[in-house]
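Student: Just dropping this structure here.
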Amino acid sequence: MTALDTASTTSDVTTEAPRRRRSFSRERQRSIPLTILLWICVLYFVLPIWWLFVSSTKDNSSLFATFGLWFGGGFSLWDNLETLFTVRDGIFLRWMVNTLVYSVSAAVGATLLATMAGYAFAKYNFPGKKLLFSATLGAVMIPLTALALPTYLIFSQAGLTDTPWAVIIPSLVSPFGVYLMRVYAADAIDDSLVEAARVDGAGEFRIFAQVGLRLLGPGLVTVFLFSLVATWNNYFLPLIMLNSSDLYPITVGLAQLQSAASAGGGSQALFSTVITGSFVSILPLVVAFLFLQRYWQSGLASGGVKG
């Protein structure tokens, strides 16, 4: 190596070091606002849950007399739970069972239908494919409240109002789930794998059941979670479809208790019961998300790679 080469190498090293320091400094300055924004988002989602837990440990008198984000003088969580599960002959437990039945049934059915439709859109060519998929995308933009009244009129003519089917059947339709599974299936299932299965003599349903479903696992869990949460938190549809309190889901049931507490007349003690019921009602969703978290995250990441 000549002296000129050595000097050139030394010059490159001396100029590269400040450049790296400046780049690191810019990245660090950029990461500070992002970190602050991330913590703000965390607080935005965690604080309501924390408030709900803290409030469920208070009795009705200390509920409004103490700071909302910290505990009161006593710990009344167990008393509130006892009242919650015994009020009106334990109807809260019935509401929880109803919600579980509605949500799981609708989530399983919506996931299966969305997966079949998304797989068909991704792997088959048929007349009207683009038109049907465009209609599906358009259905995503329609708010569910706009469809509530027509849905009620249809189910009323069919004699299905005030039955569990009035909540389950409309929840089986998930346009966003169809879109998500179409995008995910197009990326997760290779066309050569489908052609190889056809060459081996497998039918289309067998290919879907034994090949497609195994590769669509993360997407299935993602659609299942979205449908589960949507049905679990649905309020307006059960409100207009159901008349009997024995068929109410947890959302409508707690709203009924809240109305009774707001009306007064000896029912004001139900405020702490309603808050405790709200806290208990979110626990199954938290457990579901924690249990299926890795599948949900991988499903979102894989489904967003290819459009």
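Naming scheme: A, B, ... for chains in displayed order of the structure tokens; residues 1 onward per chain; ligands 1 onward as shown.
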Enumerate, in order of chain and increasing residue number, the residues of region 163-250 of chain A with an atom no farther than 12 Å from region 138-144 of chain A, each with its shortest atom pair and distance in Å to one decimal, counting only C-alpha atoms, as JSON lines.

Tutor:
{"residue": "A:Pro170", "atom": "CA", "partner": "A:Leu144", "partner_atom": "CA", "distance": 9.9}
{"residue": "A:Ser171", "atom": "CA", "partner": "A:Leu144", "partner_atom": "CA", "distance": 10.2}
{"residue": "A:Val173", "atom": "CA", "partner": "A:Ala139", "partner_atom": "CA", "distance": 10.1}
{"residue": "A:Ser174", "atom": "CA", "partner": "A:Val140", "partner_atom": "CA", "distance": 8.3}
{"residue": "A:Pro175", "atom": "CA", "partner": "A:Val140", "partner_atom": "CA", "distance": 5.6}
{"residue": "A:Phe176", "atom": "CA", "partner": "A:Val140", "partner_atom": "CA", "distance": 5.8}
{"residue": "A:Gly177", "atom": "CA", "partner": "A:Val140", "partner_atom": "CA", "distance": 9.4}
{"residue": "A:Val178", "atom": "CA", "partner": "A:Val140", "partner_atom": "CA", "distance": 9.8}
{"residue": "A:Tyr179", "atom": "CA", "partner": "A:Val140", "partner_atom": "CA", "distance": 8.9}
{"residue": "A:Leu180", "atom": "CA", "partner": "A:Val140", "partner_atom": "CA", "distance": 11.2}
{"residue": "A:Ala230", "atom": "CA", "partner": "A:Leu144", "partner_atom": "CA", "distance": 10.8}
{"residue": "A:Thr231", "atom": "CA", "partner": "A:Leu144", "partner_atom": "CA", "distance": 11.7}
{"residue": "A:Asn234", "atom": "CA", "partner": "A:Leu144", "partner_atom": "CA", "distance": 9.9}
{"residue": "A:Tyr235", "atom": "CA", "partner": "A:Leu144", "partner_atom": "CA", "distance": 10.9}
{"residue": "A:Phe236", "atom": "CA", "partner": "A:Leu144", "partner_atom": "CA", "distance": 8.9}
{"residue": "A:Leu237", "atom": "CA", "partner": "A:Leu144", "partner_atom": "CA", "distance": 8.6}

Student: For the selection you just gave me, I'd like the residues written to a file as a PDB file, in the first residue's frame, keeping N, CA and C atoms.

Tutor:
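Just written: part_9.pdb:
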ATOM      1  N   PRO A 170     -76.808 -11.937  11.711  1.00  0.00           N
ATOM      2  CA  PRO A 170     -76.192 -10.736  11.129  1.00  0.00           C
ATOM      3  C   PRO A 170     -74.702 -10.608  11.415  1.00  0.00           C
ATOM      4  N   SER A 171     -74.249 -11.193  12.524  1.00  0.00           N
ATOM      5  CA  SER A 171     -72.833 -11.100  12.879  1.00  0.00           C
ATOM      6  C   SER A 171     -71.964 -12.054  12.067  1.00  0.00           C
ATOM      7  N   VAL A 173     -71.732 -12.027   8.905  1.00  0.00           N
ATOM      8  CA  VAL A 173     -71.259 -11.307   7.717  1.00  0.00           C
ATOM      9  C   VAL A 173     -70.140 -10.367   8.137  1.00  0.00           C
ATOM     10  N   SER A 174     -68.960 -10.567   7.561  1.00  0.00           N
ATOM     11  CA  SER A 174     -67.794  -9.744   7.897  1.00  0.00           C
ATOM     12  C   SER A 174     -67.074  -9.344   6.615  1.00  0.00           C
ATOM     13  N   PRO A 175     -67.463  -8.228   5.996  1.00  0.00           N
ATOM     14  CA  PRO A 175     -66.781  -7.792   4.763  1.00  0.00           C
ATOM     15  C   PRO A 175     -65.291  -7.529   4.967  1.00  0.00           C
ATOM     16  N   PHE A 176     -64.952  -6.942   6.104  1.00  0.00           N
ATOM     17  CA  PHE A 176     -63.531  -6.703   6.365  1.00  0.00           C
ATOM     18  C   PHE A 176     -62.781  -8.010   6.514  1.00  0.00           C
ATOM     19  N   GLY A 177     -63.420  -9.014   7.112  1.00  0.00           N
ATOM     20  CA  GLY A 177     -62.778 -10.321   7.224  1.00  0.00           C
ATOM     21  C   GLY A 177     -62.549 -10.955   5.866  1.00  0.00           C
ATOM     22  N   VAL A 178     -63.487 -10.789   4.938  1.00  0.00           N
ATOM     23  CA  VAL A 178     -63.304 -11.302   3.578  1.00  0.00           C
ATOM     24  C   VAL A 178     -62.123 -10.611   2.910  1.00  0.00           C
ATOM     25  N   TYR A 179     -62.054  -9.296   3.035  1.00  0.00           N
ATOM     26  CA  TYR A 179     -60.935  -8.555   2.449  1.00  0.00           C
ATOM     27  C   TYR A 179     -59.609  -8.998   3.049  1.00  0.00           C
ATOM     28  N   LEU A 180     -59.567  -9.123   4.373  1.00  0.00           N
ATOM     29  CA  LEU A 180     -58.325  -9.513   5.032  1.00  0.00           C
ATOM     30  C   LEU A 180     -57.883 -10.908   4.605  1.00  0.00           C
ATOM     31  N   ALA A 230     -66.021  -7.669  17.930  1.00  0.00           N
ATOM     32  CA  ALA A 230     -67.137  -6.911  17.367  1.00  0.00           C
ATOM     33  C   ALA A 230     -68.481  -7.405  17.909  1.00  0.00           C
ATOM     34  N   THR A 231     -68.653  -8.710  17.997  1.00  0.00           N
ATOM     35  CA  THR A 231     -69.922  -9.248  18.508  1.00  0.00           C
ATOM     36  C   THR A 231     -70.030  -9.065  20.014  1.00  0.00           C
ATOM     37  N   ASN A 234     -71.021  -5.512  20.655  1.00  0.00           N
ATOM     38  CA  ASN A 234     -72.175  -5.019  19.914  1.00  0.00           C
ATOM     39  C   ASN A 234     -73.304  -4.642  20.884  1.00  0.00           C
ATOM     40  N   TYR A 235     -73.828  -3.461  20.712  1.00  0.00           N
ATOM     41  CA  TYR A 235     -74.887  -2.975  21.599  1.00  0.00           C
ATOM     42  C   TYR A 235     -76.184  -2.683  20.851  1.00  0.00           C
ATOM     43  N   PHE A 236     -76.088  -1.983  19.741  1.00  0.00           N
ATOM     44  CA  PHE A 236     -77.295  -1.485  19.073  1.00  0.00           C
ATOM     45  C   PHE A 236     -78.123  -2.619  18.479  1.00  0.00           C
ATOM     46  N   LEU A 237     -77.462  -3.596  17.839  1.00  0.00           N
ATOM     47  CA  LEU A 237     -78.207  -4.697  17.226  1.00  0.00           C
ATOM     48  C   LEU A 237     -78.989  -5.514  18.252  1.00  0.00           C
TER      49      LEU A 237
END

Student: Identify, on the basis of only C-alpha atoms, every residue whose closest approach to Trp70 (chain A) does not exceed 10 Å; exclude the query and any residue fewer than 2 positions from it along the same chain; express the result as a list in words.

Tutor: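 Listed by chain and then number, they are Trp50, Trp51, Phe53, Val54, Ser55, Thr57, Lys58, Thr66, Phe67, Gly68, Gly72 and Gly73 of chain A.
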
Student: For region 270-272 of chain A, please output as a PyMOL selection string all residues within 12 Å (counting only C-alpha atoms; exclusion window: fewer than 4 positions along the same chain).

Tutor: chain A and resi 52-64+76-84+86-88+254-266+276-279

Student: For the selection you just gave me, I'd like the residues written to a file as a short mmCIF file (atom, residue, chain, number, x, y, z; two decimals), in the first residue's frame, keeping C-alpha atoms.

Tutor:
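In the end it all went to selection16.cif:
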data_model
loop_
_atom_site.label_atom_id
_atom_site.label_comp_id
_atom_site.auth_asym_id
_atom_site.auth_seq_id
_atom_site.Cartn_x
_atom_site.Cartn_y
_atom_site.Cartn_z
CA LEU A 52 -62.27 0.41 35.83
CA PHE A 53 -60.31 -1.89 38.12
CA VAL A 54 -59.81 0.75 40.81
CA SER A 55 -63.48 1.80 40.71
CA SER A 56 -64.63 -1.80 41.03
CA THR A 57 -62.85 -2.00 44.40
CA LYS A 58 -64.90 0.86 45.86
CA ASP A 59 -68.35 0.88 47.38
CA ASN A 60 -71.00 3.27 46.09
CA SER A 61 -70.29 5.95 48.71
CA SER A 62 -66.55 6.18 48.04
CA LEU A 63 -67.02 5.83 44.29
CA PHE A 64 -67.77 9.54 43.88
CA SER A 76 -64.97 -3.72 48.32
CA LEU A 77 -64.18 -5.78 45.23
CA TRP A 78 -65.41 -9.06 46.71
CA ASP A 79 -68.60 -7.45 48.00
CA ASN A 80 -69.23 -5.90 44.59
CA LEU A 81 -68.66 -9.26 42.90
CA GLU A 82 -71.08 -10.94 45.29
CA THR A 83 -73.71 -8.30 44.57
CA LEU A 84 -73.05 -8.54 40.85
CA THR A 86 -76.68 -12.22 42.97
CA VAL A 87 -78.58 -9.14 41.80
CA ARG A 88 -81.88 -10.01 40.10
CA LEU A 254 -75.34 -3.54 31.94
CA ALA A 255 -77.03 -0.61 30.21
CA GLN A 256 -80.31 -1.77 31.76
CA LEU A 257 -78.70 -1.85 35.22
CA GLN A 258 -77.21 1.58 34.58
CA SER A 259 -80.63 2.95 33.70
CA ALA A 260 -82.05 1.52 36.90
CA ALA A 261 -79.22 3.07 38.92
CA SER A 262 -79.69 6.47 37.26
CA ALA A 263 -83.43 6.39 37.90
CA GLY A 264 -82.81 6.33 41.67
CA GLY A 265 -85.47 4.97 43.98
CA GLY A 266 -83.11 2.74 45.96
CA THR A 276 -67.70 -4.12 38.50
CA GLY A 277 -69.72 -5.86 35.80
CA SER A 278 -67.98 -3.79 33.13
CA PHE A 279 -64.61 -4.83 34.54
#

Student: So that I can check the surroundings of Asn233 (chain A), please list as a ChimeraX atom specification every protein, DNA and RNA residue that reaches within 9 Å of it, counting only C-alpha atoms and ignoring chain neighbours fewer than 4 positions away.

Tutor: /A:228-229,250-251

Student: Any chance you can output those residues with C-alpha atoms as a CSV table (one decimal), in the first residue's frame?

Tutor:
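Printed below is selection_21.csv as written:
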chain,number,residue,atom,x,y,z
A,228,LEU,CA,-65.2,-12.0,18.5
A,229,VAL,CA,-64.6,-8.4,19.8
A,250,ILE,CA,-73.7,-8.2,28.6
A,251,THR,CA,-73.7,-4.8,26.8

Student: Write out as a PyMOL selection string each polymer residue whose atoms come within 12 Å of region 181-195 of chain A, counting only C-alpha atoms; drop sequence neighbours fewer than 6 positions from it.

Tutor: chain A and resi 110-124+133+136-137+174-175+201-224+298-307
